[in-house]
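The block underneath contains the structure these notes are about, expressed in structure tokens.
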Amino acid sequence: MDITDMNAVRQPIASARGLPNAHYTDPAVFDEERSALLMAGWSGLAVASDVPEPGDAVPLTFLGMPLLLLRDRAGQVRVFYNICRHRGMILLDAPRKIEGAIRCPYHSWCYATDGRLVSTPHVGGPGQNTVEGIDKALLGLTEVRSHVWMDVVWINVSGDAPAFEEAHADLLARWAEFDRPLYHGGADSRFELTVECNWKLAVENYCESYHLPWVHPDLNTYSRLEDHYHIEAPGLYSGQGTVVYRQLKSDAGEVFPDFEGLDAKWDTAAEYITAYPNVLLGVHRDHVFVIVLVPDSHAQTTEKVHLYYAQPDTDADLRARNTAQWKQVFEEDIFVVEGMQRGRHAPGFDGGRFSPAMDGPTHLFHAWVADRMMAHRGQVQAAE
């Protein structure tokens, strides 16, 4: 994308074009976006509920990087590179409970759950577990900067983004009422969808309600297009809200317990926001959901979906129905985002146009991408 294309994306919505095809189809542009969009700021990696107890550890791959999500002995969630500081061997290749230390399977170097290197057997020769030049205090696991909010484990790979509380101060203030313990529904409240599209298309679709009447006809019967409003925070997040939220009820008329102390507006409202770059969030009076978009490649995305409740014990049948309901909604979007991905291989497509009335949240996301890419390319050129 040259400077002309960038400026076309950043124009006011009535005259703007969308991102060019290369941002969805070109692996080289995907590599640029890794640095400019996904590693420079705060990206979603996983959820803290993936490691509920001290010692729980889960190996993950994010943007090709081998990472290790774990909860240390003190209960703190941490993210490390999943490699030994000796020869770069992968430490864990499957989830497990760390009972003692994290042991490298290659030469048995061992690490505590807080990342400290605690043992280097035979490093100085048979029976010699220390040697000059190998300072254990300097060779702990390399930690990736992380923060937990809404149970999402956010990471800043570059290490130089503003503090999470500063970077997302506006969103934290908007949803301060939901900054409280959230209880993951468990095994029946998580699922994954593998979608053959670029991750940005999943964001773009989630941001807007324009497609509801045609893609989500069941949802549109009670939360109609005209019941929705835009949520727009340039450079930070965007999405949609509805003034009509219908609680799920059991056959006996029971509902999930509400979060206590919410403003009365949440009796009938719900909001759905993308926190740039890759975390989709939804809040309701009685449950919350999180979707972490994992960009597997320029043309494939894994959507990791988790549902949360106000109390730790909720009705299992009602939870299962809620999960099934949301899974249906998110599956209904698959043909749309995959269709747009295929459409981006049409050489004559120039990025498309935006409806000034309906596409504001999506346009803001495009403008954010263009701004970040221009800044990144400027830094690269300056360094050269």
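Each chain in the structure tokens gets a letter, A, B, ..., in the order shown, and its residues are numbered from 1; ligands are numbered from 1 in order too.
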DSSP says strand (DSSP E or B) for which residues of stretch 25-138 of chain A? Put them as an MDAnalysis selection string?
-> chainID A and resid 43:47 56:62 65:71 77:81 83 90 96:97 102:103 110:111 117:119
Exercise: A:Trp175 partners within 10 Å, only C-alpha atoms, chain neighbours under 5 positions left out, as an mmCIF file with C-alpha atoms, in the first residue's frame:
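Writing done, so here's out_25.cif:
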data_model
loop_
_atom_site.group_PDB
_atom_site.id
_atom_site.type_symbol
_atom_site.label_atom_id
_atom_site.label_comp_id
_atom_site.auth_asym_id
_atom_site.auth_seq_id
_atom_site.Cartn_x
_atom_site.Cartn_y
_atom_site.Cartn_z
ATOM 1 C CA MET A 150 -11.973 -8.981 31.832
ATOM 2 C CA ASP A 170 -11.379 5.166 28.108
ATOM 3 C CA GLU A 271 -22.749 -3.600 24.260
ATOM 4 C CA VAL A 283 -21.382 -7.290 28.170
#
Hey, what's within 12 Å of stretch 111-118 of chain A if we count only C-alpha atoms and toss same-chain stuff fewer than 5 positions away? As a VMD selection string, please?
-> chain A and resid 54 to 57 68 to 86 91 to 92 97 to 105 129 to 130 134 to 144
Once you have the residues from the selection above, write them out as a short mmCIF file (atom, residue, chain, number, x, y, z; two decimals), in the first residue's frame, restricted to N, CA and C atoms.
data_model
loop_
_atom_site.label_atom_id
_atom_site.label_comp_id
_atom_site.auth_asym_id
_atom_site.auth_seq_id
_atom_site.Cartn_x
_atom_site.Cartn_y
_atom_site.Cartn_z
N PRO A 54 -2.56 -22.31 40.68
CA PRO A 54 -1.11 -22.17 40.68
C PRO A 54 -0.43 -23.43 40.15
N GLY A 55 0.54 -23.22 39.28
CA GLY A 55 1.25 -24.32 38.66
C GLY A 55 0.69 -24.74 37.32
N ASP A 56 -0.52 -24.28 36.97
CA ASP A 56 -1.09 -24.61 35.67
C ASP A 56 -0.30 -23.89 34.57
N ALA A 57 0.02 -24.61 33.51
CA ALA A 57 0.81 -24.05 32.41
C ALA A 57 0.27 -24.55 31.08
N LEU A 68 4.48 -19.38 26.68
CA LEU A 68 4.03 -20.22 27.79
C LEU A 68 3.20 -19.37 28.74
N LEU A 69 1.92 -19.72 28.84
CA LEU A 69 1.01 -19.07 29.78
C LEU A 69 0.98 -19.90 31.04
N LEU A 70 1.22 -19.28 32.20
CA LEU A 70 1.17 -20.05 33.44
C LEU A 70 0.74 -19.17 34.61
N ARG A 71 0.30 -19.84 35.66
CA ARG A 71 -0.01 -19.16 36.91
C ARG A 71 1.04 -19.61 37.92
N ASP A 72 1.81 -18.64 38.44
CA ASP A 72 2.93 -19.00 39.30
C ASP A 72 2.45 -19.39 40.70
N ARG A 73 3.40 -19.78 41.54
CA ARG A 73 3.03 -20.27 42.87
C ARG A 73 2.28 -19.23 43.69
N ALA A 74 2.53 -17.94 43.42
CA ALA A 74 1.85 -16.87 44.15
C ALA A 74 0.48 -16.55 43.57
N GLY A 75 0.11 -17.22 42.47
CA GLY A 75 -1.20 -16.99 41.86
C GLY A 75 -1.20 -15.97 40.75
N GLN A 76 -0.03 -15.42 40.39
CA GLN A 76 0.03 -14.41 39.34
C GLN A 76 0.10 -15.08 37.97
N VAL A 77 -0.69 -14.57 37.03
CA VAL A 77 -0.64 -15.06 35.66
C VAL A 77 0.54 -14.41 34.95
N ARG A 78 1.35 -15.23 34.30
CA ARG A 78 2.54 -14.74 33.60
C ARG A 78 2.60 -15.34 32.20
N VAL A 79 3.34 -14.65 31.33
CA VAL A 79 3.59 -15.15 29.98
C VAL A 79 5.10 -15.10 29.75
N PHE A 80 5.67 -16.22 29.34
CA PHE A 80 7.09 -16.31 29.02
C PHE A 80 7.25 -16.86 27.61
N TYR A 81 8.42 -16.62 27.02
CA TYR A 81 8.77 -17.38 25.83
C TYR A 81 8.97 -18.83 26.27
N ASN A 82 8.40 -19.74 25.52
CA ASN A 82 8.41 -21.16 25.87
C ASN A 82 9.70 -21.81 25.40
N ILE A 83 10.83 -21.22 25.77
CA ILE A 83 12.12 -21.75 25.33
C ILE A 83 13.13 -21.68 26.47
N CYS A 84 14.01 -22.68 26.50
CA CYS A 84 15.10 -22.71 27.47
C CYS A 84 16.17 -21.70 27.07
N ARG A 85 16.74 -21.04 28.06
CA ARG A 85 17.77 -20.04 27.80
C ARG A 85 19.11 -20.67 27.40
N HIS A 86 19.21 -21.97 27.48
CA HIS A 86 20.46 -22.66 27.14
C HIS A 86 20.62 -22.79 25.62
N LEU A 91 10.13 -25.83 25.96
CA LEU A 91 10.05 -26.38 27.31
C LEU A 91 8.84 -27.29 27.48
N LEU A 92 7.67 -26.82 27.11
CA LEU A 92 6.44 -27.60 27.24
C LEU A 92 5.78 -27.73 25.88
N LYS A 97 0.35 -29.50 34.77
CA LYS A 97 0.50 -28.90 36.09
C LYS A 97 1.98 -28.98 36.47
N ILE A 98 2.57 -27.84 36.79
CA ILE A 98 3.98 -27.80 37.22
C ILE A 98 4.02 -28.11 38.71
N GLU A 99 4.42 -29.29 39.06
CA GLU A 99 4.47 -29.70 40.46
C GLU A 99 5.74 -29.22 41.15
N GLY A 100 6.85 -29.28 40.45
CA GLY A 100 8.12 -28.83 41.01
C GLY A 100 8.63 -27.64 40.23
N ALA A 101 9.48 -27.94 39.24
CA ALA A 101 10.03 -26.89 38.39
C ALA A 101 9.71 -27.18 36.94
N ILE A 102 9.89 -26.19 36.10
CA ILE A 102 9.77 -26.36 34.65
C ILE A 102 11.12 -26.89 34.17
N ARG A 103 11.12 -28.11 33.70
CA ARG A 103 12.39 -28.74 33.33
C ARG A 103 12.53 -28.85 31.82
N CYS A 104 13.65 -28.35 31.30
CA CYS A 104 13.91 -28.49 29.88
C CYS A 104 14.20 -29.96 29.57
N PRO A 105 13.52 -30.54 28.57
CA PRO A 105 13.73 -31.95 28.28
C PRO A 105 15.06 -32.25 27.59
N ASN A 129 27.52 -28.50 38.87
CA ASN A 129 26.26 -27.86 38.49
C ASN A 129 26.35 -26.35 38.35
N THR A 130 27.54 -25.81 38.49
CA THR A 130 27.77 -24.39 38.24
C THR A 130 29.06 -24.27 37.44
N ILE A 134 28.06 -18.76 33.52
CA ILE A 134 26.63 -19.08 33.52
C ILE A 134 26.06 -18.57 34.83
N ASP A 135 25.51 -17.36 34.78
CA ASP A 135 24.95 -16.71 35.96
C ASP A 135 23.44 -16.96 35.96
N LYS A 136 22.99 -17.80 36.86
CA LYS A 136 21.56 -18.15 36.88
C LYS A 136 20.67 -16.92 37.08
N ALA A 137 21.18 -15.93 37.81
CA ALA A 137 20.37 -14.74 38.06
C ALA A 137 20.07 -13.96 36.79
N LEU A 138 20.88 -14.17 35.75
CA LEU A 138 20.71 -13.44 34.50
C LEU A 138 20.05 -14.27 33.40
N LEU A 139 19.75 -15.52 33.70
CA LEU A 139 19.29 -16.43 32.65
C LEU A 139 17.93 -17.05 32.96
N GLY A 140 17.07 -16.28 33.62
CA GLY A 140 15.70 -16.74 33.81
C GLY A 140 14.93 -16.70 32.51
N LEU A 141 13.75 -17.28 32.52
CA LEU A 141 12.90 -17.25 31.34
C LEU A 141 12.62 -15.81 30.93
N THR A 142 12.56 -15.59 29.63
CA THR A 142 12.26 -14.25 29.12
C THR A 142 10.76 -14.02 29.22
N GLU A 143 10.39 -13.01 30.01
CA GLU A 143 8.97 -12.75 30.24
C GLU A 143 8.43 -11.75 29.24
N VAL A 144 7.22 -12.00 28.78
CA VAL A 144 6.51 -11.08 27.90
C VAL A 144 5.58 -10.23 28.76
#
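Each of A:His366, A:Thr314, A:Leu262, A:Asp50 was checked against A:Gly352 using only C-alpha atoms; the smallest atom-to-atom distance is that of A:His366.
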So how many Å separate atom CA of A:Asp160 and atom CA of A:Val279, to one decimal?
-> 19.8 Å
Spatial neighbours of A:Ser297, max dist 10 Å, only C-alpha atoms, sep filter under 3 positions, as a VMD selection string | chain A and resid 24 to 25 27 30 to 31 63 to 64 196 to 199 294 300 to 302
Generate a file of the selected residues that holds N, CA, C and O atoms, formatted as a PDB file, in the first residue's frame.
ATOM      1  N   TYR A  24      -5.230  -8.407   3.135  1.00  0.00           N
ATOM      2  CA  TYR A  24      -5.938  -9.642   3.448  1.00  0.00           C
ATOM      3  C   TYR A  24      -5.324 -10.861   2.749  1.00  0.00           C
ATOM      4  O   TYR A  24      -5.552 -11.990   3.193  1.00  0.00           O
ATOM      5  N   THR A  25      -4.562 -10.614   1.688  1.00  0.00           N
ATOM      6  CA  THR A  25      -4.107 -11.721   0.842  1.00  0.00           C
ATOM      7  C   THR A  25      -2.596 -11.863   0.747  1.00  0.00           C
ATOM      8  O   THR A  25      -2.112 -12.896   0.270  1.00  0.00           O
ATOM      9  N   PRO A  27       1.044 -12.377   2.292  1.00  0.00           N
ATOM     10  CA  PRO A  27       1.779 -12.749   3.510  1.00  0.00           C
ATOM     11  C   PRO A  27       2.794 -11.705   3.941  1.00  0.00           C
ATOM     12  O   PRO A  27       3.065 -11.559   5.141  1.00  0.00           O
ATOM     13  N   PHE A  30       0.952  -9.182   5.921  1.00  0.00           N
ATOM     14  CA  PHE A  30       0.631  -9.803   7.212  1.00  0.00           C
ATOM     15  C   PHE A  30       1.833  -9.731   8.149  1.00  0.00           C
ATOM     16  O   PHE A  30       1.681  -9.443   9.344  1.00  0.00           O
ATOM     17  N   ASP A  31       3.027  -9.961   7.629  1.00  0.00           N
ATOM     18  CA  ASP A  31       4.227  -9.874   8.460  1.00  0.00           C
ATOM     19  C   ASP A  31       4.434  -8.453   8.974  1.00  0.00           C
ATOM     20  O   ASP A  31       4.837  -8.250  10.126  1.00  0.00           O
ATOM     21  N   LEU A  63       1.305 -15.656  16.566  1.00  0.00           N
ATOM     22  CA  LEU A  63       2.096 -15.001  15.528  1.00  0.00           C
ATOM     23  C   LEU A  63       3.406 -15.732  15.278  1.00  0.00           C
ATOM     24  O   LEU A  63       4.436 -15.127  15.019  1.00  0.00           O
ATOM     25  N   GLY A  64       3.359 -17.049  15.400  1.00  0.00           N
ATOM     26  CA  GLY A  64       4.535 -17.863  15.178  1.00  0.00           C
ATOM     27  C   GLY A  64       5.453 -17.986  16.370  1.00  0.00           C
ATOM     28  O   GLY A  64       6.417 -18.764  16.333  1.00  0.00           O
ATOM     29  N   GLU A 196     -11.684 -19.400   7.708  1.00  0.00           N
ATOM     30  CA  GLU A 196     -10.740 -19.190   6.599  1.00  0.00           C
ATOM     31  C   GLU A 196     -10.829 -17.742   6.117  1.00  0.00           C
ATOM     32  O   GLU A 196     -11.364 -17.437   5.051  1.00  0.00           O
ATOM     33  N   CYS A 197     -10.327 -16.846   6.962  1.00  0.00           N
ATOM     34  CA  CYS A 197     -10.306 -15.431   6.597  1.00  0.00           C
ATOM     35  C   CYS A 197      -9.216 -14.724   7.384  1.00  0.00           C
ATOM     36  O   CYS A 197      -8.737 -15.215   8.398  1.00  0.00           O
ATOM     37  N   ASN A 198      -8.838 -13.561   6.912  1.00  0.00           N
ATOM     38  CA  ASN A 198      -7.927 -12.700   7.635  1.00  0.00           C
ATOM     39  C   ASN A 198      -8.601 -12.207   8.907  1.00  0.00           C
ATOM     40  O   ASN A 198      -9.804 -11.932   8.929  1.00  0.00           O
ATOM     41  N   TRP A 199      -7.824 -12.080   9.976  1.00  0.00           N
ATOM     42  CA  TRP A 199      -8.392 -11.708  11.275  1.00  0.00           C
ATOM     43  C   TRP A 199      -9.129 -10.373  11.245  1.00  0.00           C
ATOM     44  O   TRP A 199     -10.095 -10.178  11.982  1.00  0.00           O
ATOM     45  N   VAL A 294      -7.095 -15.200  17.126  1.00  0.00           N
ATOM     46  CA  VAL A 294      -5.703 -15.618  16.950  1.00  0.00           C
ATOM     47  C   VAL A 294      -5.416 -15.674  15.452  1.00  0.00           C
ATOM     48  O   VAL A 294      -5.970 -16.526  14.746  1.00  0.00           O
ATOM     49  N   GLN A 300      -6.248 -17.233   7.681  1.00  0.00           N
ATOM     50  CA  GLN A 300      -6.938 -18.111   8.626  1.00  0.00           C
ATOM     51  C   GLN A 300      -6.884 -17.523  10.023  1.00  0.00           C
ATOM     52  O   GLN A 300      -5.850 -16.985  10.443  1.00  0.00           O
ATOM     53  N   THR A 301      -7.995 -17.645  10.735  1.00  0.00           N
ATOM     54  CA  THR A 301      -8.122 -17.095  12.083  1.00  0.00           C
ATOM     55  C   THR A 301      -8.813 -18.110  12.976  1.00  0.00           C
ATOM     56  O   THR A 301      -9.781 -18.761  12.563  1.00  0.00           O
ATOM     57  N   THR A 302      -8.318 -18.239  14.202  1.00  0.00           N
ATOM     58  CA  THR A 302      -9.009 -19.034  15.208  1.00  0.00           C
ATOM     59  C   THR A 302      -9.710 -18.087  16.182  1.00  0.00           C
ATOM     60  O   THR A 302      -9.072 -17.183  16.727  1.00  0.00           O
TER      61      THR A 302
END
Taking into account only C-alpha atoms, which residue in the set A:Phe259, A:Trp214, A:Tyr276, A:Phe349 is nearest to A:Ala167?
-> A:Tyr276
Which residues are close to A:His284, i.e. within 8 Å by only C-alpha atoms, leaving aside same-chain residues fewer than 2 positions away? Reply as a PDB file with C-alpha atoms, in the first residue's frame.
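The resulting file, part_27.pdb, is shown below:
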ATOM      1  CA  TYR A 245     -31.558  -7.186  25.502  1.00  0.00           C
ATOM      2  CA  TRP A 266     -28.266  -2.368  31.633  1.00  0.00           C
ATOM      3  CA  ALA A 269     -29.049  -2.786  27.110  1.00  0.00           C
ATOM      4  CA  ALA A 270     -25.979  -4.703  25.932  1.00  0.00           C
ATOM      5  CA  GLU A 271     -22.749  -3.600  24.260  1.00  0.00           C
ATOM      6  CA  GLY A 282     -19.740  -8.394  24.909  1.00  0.00           C
ATOM      7  CA  ASP A 286     -26.186 -11.379  33.472  1.00  0.00           C
ATOM      8  CA  HIS A 287     -23.198 -12.582  31.445  1.00  0.00           C
ATOM      9  CA  VAL A 288     -20.114 -11.496  29.546  1.00  0.00           C
TER      10      VAL A 288
END
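Counting only C-alpha atoms and comparing A:Val157, A:Leu171, A:Leu280, A:Ala94, the residue that lies closest to A:Glu303 is A:Leu280.
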A:Ile90, A:Val337, A:Ala22, A:Ala310 ranked by distance to A:Gly185, top pick (using only C-alpha atoms) | A:Ala310
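Interatomic distance, atom CA of A:Tyr210 against atom CA of A:Gly241: 12.1 Å.
Here atom CA of A:Tyr272 stands at a distance of 5.4 Å from atom CA of A:Gln240.
Nearest residue to A:Leu236, choosing from A:Asp218, A:Asp359, A:Asp151, A:Asp371 and counting only C-alpha atoms: A:Asp371.
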If we count only C-alpha atoms, what is near A:Pro356 at a cut-off of 12 Å, once residues fewer than 5 positions away on the same chain are taken out, given as a ChimeraX atom specification?
-> /A:11-17,210,230,361-364
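Using only C-alpha atoms, the smallest distance between any of A:Leu60, A:Leu248, A:Ile155, A:Met65 and A:Gly41 comes from A:Ile155.
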